[in-house]
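Student: Sharing upload-v7.cif here; it has mmCIF, C-alpha atoms and all ligand atoms.
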```cif
data_final
#
loop_
_atom_site.label_atom_id
_atom_site.label_comp_id
_atom_site.auth_asym_id
_atom_site.auth_seq_id
_atom_site.Cartn_x
_atom_site.Cartn_y
_atom_site.Cartn_z
CA MET B 42 -57.27 -46.73 -10.19
CA PRO B 43 -56.81 -50.10 -8.46
CA SER B 44 -60.02 -51.90 -7.53
CA SER B 45 -59.25 -51.94 -3.78
CA LEU B 46 -60.36 -48.34 -3.40
CA GLN B 47 -60.94 -48.74 0.29
CA THR B 48 -57.20 -48.93 0.90
CA VAL B 49 -55.98 -46.39 -1.66
CA THR B 50 -56.17 -42.89 -0.25
CA PHE B 51 -56.34 -39.72 -2.30
CA SER B 52 -53.07 -38.70 -0.67
CA SER B 53 -51.20 -41.74 -1.89
CA ARG B 54 -52.62 -41.36 -5.40
CA LEU B 55 -51.71 -37.67 -5.42
CA ASP B 56 -48.17 -38.49 -4.24
CA LEU B 57 -47.74 -40.66 -7.34
CA LEU B 58 -49.37 -38.17 -9.70
CA GLU B 59 -47.45 -35.21 -8.32
CA ALA B 60 -44.13 -37.03 -8.70
CA ALA B 61 -44.96 -37.92 -12.31
CA VAL B 62 -45.83 -34.30 -13.15
CA ARG B 63 -42.79 -32.96 -11.32
CA ALA B 64 -40.56 -35.15 -13.48
CA ARG B 65 -41.81 -33.03 -16.41
CA SER B 66 -42.47 -29.53 -15.03
CA ARG B 67 -41.55 -27.42 -12.03
CA LEU B 68 -44.34 -24.90 -12.60
CA VAL B 69 -46.44 -24.08 -9.53
CA PRO B 70 -49.89 -23.08 -10.82
CA ARG B 71 -51.84 -20.32 -9.12
CA LEU B 72 -55.02 -21.49 -10.80
CA GLY B 73 -56.46 -24.69 -12.24
CA LEU B 74 -58.73 -24.43 -15.24
CA VAL B 75 -60.89 -27.30 -16.53
CA LEU B 76 -62.02 -26.92 -20.13
CA GLY B 77 -65.20 -28.76 -21.14
CA SER B 78 -66.44 -30.15 -24.44
CA GLY B 79 -65.34 -28.01 -27.35
CA LEU B 80 -63.95 -25.35 -25.01
CA GLY B 81 -60.29 -26.30 -25.29
CA ASP B 82 -59.36 -23.24 -27.39
CA ILE B 83 -58.29 -21.05 -24.51
CA ALA B 84 -55.45 -23.54 -24.11
CA ASP B 85 -53.95 -21.93 -27.26
CA ALA B 86 -53.35 -18.82 -25.13
CA VAL B 87 -51.30 -20.78 -22.58
CA TYR B 88 -47.62 -20.22 -23.35
CA ASP B 89 -44.31 -21.71 -22.24
CA ALA B 90 -46.41 -24.81 -21.64
CA THR B 91 -45.53 -28.39 -20.87
CA ALA B 92 -48.29 -30.69 -22.15
CA ILE B 93 -48.82 -34.05 -20.49
CA HIS B 94 -51.38 -36.48 -21.93
CA PHE B 95 -53.67 -38.07 -19.36
CA ASP B 96 -52.47 -41.57 -20.19
CA GLU B 97 -48.86 -40.54 -19.44
CA LEU B 98 -49.82 -40.20 -15.77
CA PRO B 99 -50.09 -43.24 -13.48
CA GLY B 100 -53.56 -44.77 -13.47
CA TRP B 101 -55.16 -42.20 -15.77
CA PRO B 102 -56.95 -43.29 -18.94
CA ALA B 103 -56.75 -41.42 -22.22
CA ALA B 104 -59.75 -39.06 -22.46
CA SER B 105 -62.38 -40.80 -24.58
CA ALA B 106 -65.06 -38.12 -24.91
CA PRO B 107 -65.18 -36.49 -28.37
CA GLY B 108 -64.11 -32.84 -28.19
CA HIS B 109 -61.69 -33.56 -25.35
CA ALA B 110 -57.94 -33.49 -26.07
CA GLY B 111 -57.17 -35.24 -22.81
CA ARG B 112 -54.09 -33.46 -21.59
CA ILE B 113 -52.91 -31.21 -18.83
CA LEU B 114 -50.98 -28.07 -19.73
CA LEU B 115 -48.69 -26.35 -17.27
CA GLY B 116 -47.80 -22.87 -18.43
CA GLN B 117 -48.56 -19.17 -18.28
CA LEU B 118 -51.88 -17.49 -19.06
CA GLU B 119 -51.89 -13.68 -18.99
CA GLY B 120 -48.72 -13.82 -16.90
CA VAL B 121 -50.30 -16.14 -14.32
CA PRO B 122 -48.97 -19.68 -13.85
CA VAL B 123 -51.82 -22.08 -14.57
CA ALA B 124 -52.63 -25.74 -14.87
CA CYS B 125 -55.11 -26.22 -17.65
CA LEU B 126 -57.02 -29.43 -18.19
CA GLN B 127 -57.94 -29.77 -21.85
CA GLY B 128 -60.74 -32.26 -21.40
CA ARG B 129 -61.78 -34.16 -18.32
CA LEU B 130 -62.84 -37.57 -17.10
CA HIS B 131 -66.57 -38.32 -16.82
CA LEU B 132 -68.67 -40.77 -14.85
CA TYR B 133 -70.37 -41.86 -18.07
CA GLU B 134 -67.05 -43.11 -19.43
CA GLY B 135 -67.16 -45.67 -16.65
CA HIS B 136 -64.61 -43.94 -14.40
CA HIS B 137 -64.92 -44.21 -10.67
CA PRO B 138 -65.99 -40.91 -9.03
CA ARG B 139 -62.59 -40.76 -7.32
CA THR B 140 -60.80 -41.03 -10.66
CA VAL B 141 -63.04 -38.31 -12.10
CA VAL B 142 -61.84 -35.84 -9.46
CA GLU B 143 -58.15 -36.70 -9.41
CA PRO B 144 -57.28 -34.06 -12.05
CA VAL B 145 -58.77 -31.27 -9.92
CA LEU B 146 -57.16 -32.55 -6.74
CA LEU B 147 -53.86 -32.89 -8.59
CA MET B 148 -54.02 -29.24 -9.66
CA GLY B 149 -54.51 -28.36 -6.00
CA ARG B 150 -51.61 -30.56 -4.98
CA LEU B 151 -49.39 -28.82 -7.56
CA GLY B 152 -50.19 -25.47 -5.93
CA ALA B 153 -53.43 -24.14 -7.44
CA ARG B 154 -55.59 -22.34 -4.90
CA THR B 155 -58.46 -21.57 -7.26
CA ILE B 156 -60.30 -23.93 -9.61
CA VAL B 157 -62.35 -22.74 -12.58
CA LEU B 158 -64.67 -25.36 -14.05
CA THR B 159 -66.21 -24.91 -17.49
CA ASN B 160 -68.69 -27.13 -19.30
CA ALA B 161 -71.07 -27.37 -22.20
CA SER B 162 -74.63 -27.75 -21.00
CA GLY B 163 -78.25 -27.82 -22.06
CA GLY B 164 -80.49 -24.85 -21.27
CA VAL B 165 -83.23 -25.69 -18.76
CA ASN B 166 -84.14 -22.06 -18.16
CA GLU B 167 -86.00 -21.12 -21.35
CA ARG B 168 -84.43 -17.66 -21.29
CA PHE B 169 -81.01 -19.23 -21.85
CA ALA B 170 -80.70 -19.70 -25.61
CA PRO B 171 -77.81 -21.58 -27.20
CA GLY B 172 -74.64 -19.48 -26.91
CA THR B 173 -75.56 -18.13 -23.46
CA LEU B 174 -72.74 -18.07 -20.89
CA MET B 175 -73.86 -18.77 -17.32
CA ALA B 176 -71.77 -18.25 -14.20
CA ILE B 177 -72.51 -21.19 -11.90
CA ALA B 178 -74.09 -19.94 -8.68
CA ASP B 179 -74.79 -23.39 -7.21
CA HIS B 180 -75.32 -26.96 -8.30
CA LEU B 181 -77.68 -29.92 -7.96
CA ASN B 182 -75.77 -33.18 -7.74
CA LEU B 183 -78.24 -35.58 -9.34
CA THR B 184 -75.66 -38.18 -10.35
CA GLY B 185 -76.29 -40.46 -7.39
CA HIS B 186 -72.53 -40.46 -6.82
CA SER B 187 -70.01 -38.71 -4.63
CA PRO B 188 -66.22 -38.72 -4.91
CA LEU B 189 -66.02 -38.74 -1.12
CA ILE B 190 -67.70 -42.09 -0.42
CA GLY B 191 -65.36 -44.41 1.45
CA PRO B 192 -62.95 -43.83 4.32
CA ASN B 193 -62.14 -40.13 4.60
CA ASP B 194 -58.60 -39.07 3.84
CA ASP B 195 -58.20 -36.64 6.75
CA ALA B 196 -54.90 -35.40 5.32
CA SER B 197 -56.79 -33.90 2.39
CA GLY B 198 -60.15 -32.75 3.78
CA GLN B 199 -62.89 -33.14 6.36
CA ARG B 200 -65.36 -36.03 6.53
CA PHE B 201 -68.39 -33.72 6.18
CA PRO B 202 -67.40 -30.78 4.01
CA ASP B 203 -69.66 -27.72 3.93
CA LEU B 204 -70.99 -26.70 0.50
CA VAL B 205 -72.65 -23.40 1.44
CA GLY B 206 -70.97 -20.81 -0.75
CA ALA B 207 -69.11 -23.60 -2.55
CA TRP B 208 -69.32 -21.57 -5.74
CA SER B 209 -67.46 -18.51 -4.47
CA PRO B 210 -69.60 -15.34 -4.61
CA SER B 211 -66.49 -13.19 -4.79
CA LEU B 212 -64.98 -15.13 -7.69
CA ARG B 213 -68.36 -14.94 -9.39
CA ASP B 214 -68.29 -11.17 -9.02
CA GLN B 215 -64.87 -11.19 -10.62
CA LEU B 216 -66.24 -13.26 -13.52
CA HIS B 217 -69.05 -10.72 -13.98
CA ARG B 218 -66.57 -7.86 -13.91
CA ALA B 219 -64.41 -9.58 -16.53
CA ALA B 220 -67.48 -10.19 -18.71
CA ILE B 221 -68.55 -6.53 -18.49
CA GLU B 222 -65.05 -5.40 -19.40
CA GLU B 223 -65.10 -7.72 -22.41
CA GLY B 224 -68.62 -6.65 -23.43
CA VAL B 225 -69.87 -10.23 -23.08
CA ARG B 226 -73.25 -11.09 -21.54
CA LEU B 227 -72.86 -13.43 -18.59
CA GLU B 228 -75.97 -14.87 -16.93
CA GLU B 229 -76.03 -16.65 -13.61
CA GLY B 230 -77.77 -19.87 -12.57
CA ILE B 231 -77.91 -23.35 -11.12
CA TYR B 232 -76.17 -26.26 -12.83
CA ALA B 233 -77.72 -29.71 -12.52
CA GLY B 234 -75.23 -32.55 -12.95
CA LEU B 235 -76.59 -35.87 -14.23
CA VAL B 236 -74.62 -38.99 -15.00
CA GLY B 237 -75.51 -39.27 -18.73
CA PRO B 238 -74.52 -40.36 -21.30
CA ALA B 239 -78.05 -40.28 -22.71
CA TYR B 240 -79.41 -36.77 -22.98
CA GLU B 241 -82.41 -36.11 -20.76
CA THR B 242 -85.99 -36.89 -21.63
CA PRO B 243 -88.33 -33.91 -22.02
CA ALA B 244 -90.00 -34.98 -18.75
CA GLU B 245 -86.63 -34.88 -16.99
CA VAL B 246 -85.95 -31.38 -18.28
CA ARG B 247 -89.36 -30.25 -16.95
CA MET B 248 -88.48 -31.89 -13.62
CA LEU B 249 -85.11 -30.12 -13.53
CA ARG B 250 -86.85 -26.79 -14.08
CA ILE B 251 -89.18 -27.47 -11.15
CA LEU B 252 -86.13 -28.37 -9.05
CA GLY B 253 -84.62 -24.98 -9.80
CA ALA B 254 -82.02 -25.88 -12.41
CA ASP B 255 -81.06 -23.44 -15.16
CA ALA B 256 -78.64 -25.71 -17.03
CA VAL B 257 -77.97 -29.44 -17.22
CA GLY B 258 -74.84 -31.38 -18.01
CA MET B 259 -72.83 -34.53 -17.37
CA SER B 260 -69.80 -33.19 -15.55
CA THR B 261 -68.64 -30.62 -13.00
CA VAL B 262 -70.47 -31.66 -9.81
CA MET B 263 -67.98 -34.38 -8.75
CA GLU B 264 -65.10 -31.97 -9.33
CA ALA B 265 -66.86 -29.18 -7.43
CA ILE B 266 -67.42 -31.37 -4.38
CA ALA B 267 -63.83 -32.59 -4.38
CA ALA B 268 -62.41 -29.10 -4.85
CA ARG B 269 -64.31 -27.74 -1.85
CA TRP B 270 -63.42 -30.79 0.23
CA ALA B 271 -59.77 -30.05 -0.52
CA GLY B 272 -60.22 -26.37 0.46
CA LEU B 273 -59.84 -24.97 -3.04
CA GLU B 274 -61.69 -21.81 -4.10
CA LEU B 275 -64.19 -22.55 -6.84
CA CYS B 276 -66.00 -20.84 -9.67
CA GLY B 277 -67.33 -21.96 -13.01
CA VAL B 278 -69.06 -21.09 -16.24
CA SER B 279 -71.50 -23.16 -18.30
CA LEU B 280 -71.82 -22.54 -21.97
CA ILE B 281 -75.38 -23.35 -23.00
CA THR B 282 -74.99 -25.21 -26.28
CA ASN B 283 -78.60 -26.27 -26.86
CA ALA B 284 -82.10 -25.90 -25.52
CA GLY B 285 -82.81 -28.72 -23.05
CA ALA B 286 -84.53 -31.82 -24.40
CA GLY B 287 -88.12 -31.26 -25.46
CA ILE B 288 -87.98 -27.45 -25.49
CA THR B 289 -87.74 -27.14 -29.26
CA GLY B 290 -88.94 -30.63 -30.22
CA ASP B 291 -85.69 -31.26 -32.13
CA ALA B 292 -83.41 -34.21 -31.37
CA LEU B 293 -80.15 -33.42 -29.51
CA THR B 294 -76.82 -34.38 -31.00
CA HIS B 295 -73.27 -34.17 -29.72
CA GLU B 296 -72.25 -32.55 -33.02
CA GLU B 297 -74.69 -29.69 -32.34
CA VAL B 298 -73.23 -29.34 -28.83
CA LEU B 299 -69.65 -29.19 -30.14
CA ALA B 300 -70.55 -26.75 -32.92
CA ALA B 301 -72.24 -24.36 -30.46
CA ALA B 302 -69.33 -24.68 -28.03
CA ASN B 303 -66.87 -23.87 -30.81
CA GLU B 304 -68.93 -20.85 -31.84
CA ALA B 305 -69.33 -19.30 -28.38
CA GLY B 306 -66.03 -20.66 -27.02
CA PRO B 307 -64.01 -17.58 -28.03
CA GLU B 308 -66.30 -15.30 -25.93
CA LEU B 309 -65.80 -17.53 -22.92
CA ALA B 310 -62.06 -17.56 -23.59
CA ARG B 311 -62.01 -13.74 -23.54
CA VAL B 312 -63.88 -13.62 -20.24
CA LEU B 313 -61.58 -16.18 -18.67
CA ARG B 314 -58.42 -14.48 -19.90
CA ARG B 315 -59.59 -11.19 -18.45
CA PHE B 316 -60.57 -12.95 -15.19
CA VAL B 317 -57.14 -14.56 -14.92
CA ALA B 318 -55.33 -11.32 -15.74
CA ARG B 319 -57.25 -9.58 -12.93
CA LEU B 320 -56.80 -12.34 -10.36
CA ASP B 321 -55.17 -11.03 -7.18
CA GLY B 322 -55.28 -7.58 -8.83
N1 LIG M 1 -77.89 -32.32 -21.48
C1 LIG M 1 -76.84 -32.84 -20.83
N2 LIG M 1 -75.58 -32.53 -21.11
C2 LIG M 1 -75.36 -31.64 -22.09
C3 LIG M 1 -76.42 -31.05 -22.81
C4 LIG M 1 -77.75 -31.41 -22.49
O1 LIG M 1 -78.74 -30.94 -23.08
N3 LIG M 1 -75.84 -30.20 -23.70
C5 LIG M 1 -74.50 -30.27 -23.52
N4 LIG M 1 -74.21 -31.14 -22.53
#
```
Mind converting the file's structure to structure tokens?
Ligand code: HPA
Tutor:
Amino acid sequence: MPSSLQTVTFSSRLDLLEAAVRARSRLVPRLGLVLGSGLGDIADAVYDATAIHFDELPGWPAASAPGHAGRILLGQLEGVPVACLQGRLHLYEGHHPRTVVEPVLLMGRLGARTIVLTNASGGVNERFAPGTLMAIADHLNLTGHSPLIGPNDDASGQRFPDLVGAWSPSLRDQLHRAAIEEGVRLEEGIYAGLVGPAYETPAEVRMLRILGADAVGMSTVMEAIAARWAGLELCGVSLITNAGAGITGDALTHEEVLAAANEAGPELARVLRRFVARLDG
């Protein structure tokens, strides 16, 4: 992204990105799916896919976070045309909030009406042990950032977007139905998004609990705000990969996060496949 952000609108960036994708694929996705750390496996179920690496698109960096393939797949999942982001861009990588949300806005520009965000997160709610899946009911944006700061691009969304019901209750119901059909336990809770990249202190996890958070992570909230601004329907699932800092007294490591995501990832993949298969059904 050029440094003169004030003059570069989302629309002009999306024009460029859309043209670059359209040179490779004509697929019009119904749904956009963002796969978080270690959760890229569901991408194996996407068929007839065109894969485009992030750094093949104008102004996008290669994904640097471990566990993130850093590509967008355009293909079919359960007979539904989808755009699937295998990895994402994070604030902690040094990306501008606007760059972080371009992938989600691009999926909308390509035709997606619904966005599903997934992430690996720490459990703040002590009932949520590692391996727990949590449908996101709402979020706390504690990053200190917003992707919407700067002149508003009226062609894409309103200056003051409403976030009541941002995490669609009806899509959440559909996630719960899919989970029941797959025999997978799906909890529900509030996701707190922090900037990272350091994991939280134990005191911060206690604070997050008082604030009403059930899970904490370093992604998702920028994308959620941008998706709603652009009028896209939104739902999401957190996979709790570890107890929040200080709960067990053990140190947190990214390897532990990836291992837990890999272990519980297949359950999440089953829920999402069922959800997609039932969409519009
Ligand atoms: N904190 C923040 N982000 C995370 C965590 C955590 O404990 N686990 C996975 N992502």
Student: Let me see if you get this right: every residue at most 7 Å from ligand LIG 1 (chain M), counting all atoms listed in the file, written as a ChimeraX atom specification.
Tutor: /B:161-164,237,240-241,257-259,281-286,298
Student: Hey, could you pull the box centre and edge lengths for stretch 287-304 of chain B, axis-aligned, 5 Å padding per side, all listed atoms, to one decimal in Å, as AutoDock Vina command-line options?
Tutor:
```
--center_x -77.9 --center_y -27.6 --center_z -29.2 --size_x 32.1 --size_y 23.5 --size_z 17.6
```
Student: Need to verify the contact set: B:Arg314, 8 Å, all atoms listed in the file, exclusion of same-chain residues closer than 3 positions in sequence. Can you return it as number ranges by chain?
Tutor: B: 118-119, 310-311, 317-318
Student: Would you mind telling me which residue in B:Leu189, B:Ile83, B:Leu216, B:Leu227 lies nearest to B:Phe169 when using all atoms listed in the file?
Tutor: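 Checking each of B:Leu189, B:Ile83, B:Leu216, B:Leu227 against B:Phe169, counting all atoms listed in the file, the winner is B:Leu227.
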Student: Restricting the calculation to all atoms listed in the file, which member of B:Gln199, B:Ala124, B:Ala176, B:Asp321 is positioned closest to B:Gly149?
Tutor: B:Ala124
Student: Between B:Ile221, B:His136, B:Gly234, B:Gln215, which residue has the minimum interatomic distance to B:Asn182, considering all atoms listed in the file?
Tutor: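 Result for the nearest residue to B:Asn182: B:Gly234.
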Student: Could you pull out every residue with an atom within 10 Å of (-65.5, -39.9, -17.8), file coordinates, counting all atoms listed in the file, and send them as a PyMOL selection string?
Tutor: chain B and resi 102-106+128-138+140-142+236+238+259-260
Student: Name the closest residue to B:Arg139 among the candidates B:Ala196, B:Ala265, B:Ile190, B:Ala233; distances are taken between atoms, counting only C-alpha atoms.
Tutor: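 The shortest atom-to-atom distance to B:Arg139 comes from B:Ile190.
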Student: What is the atom CA of B:Gly120-atom CA of B:Asn160 distance in Å, reported with one decimal?
Tutor: 24.1 Å
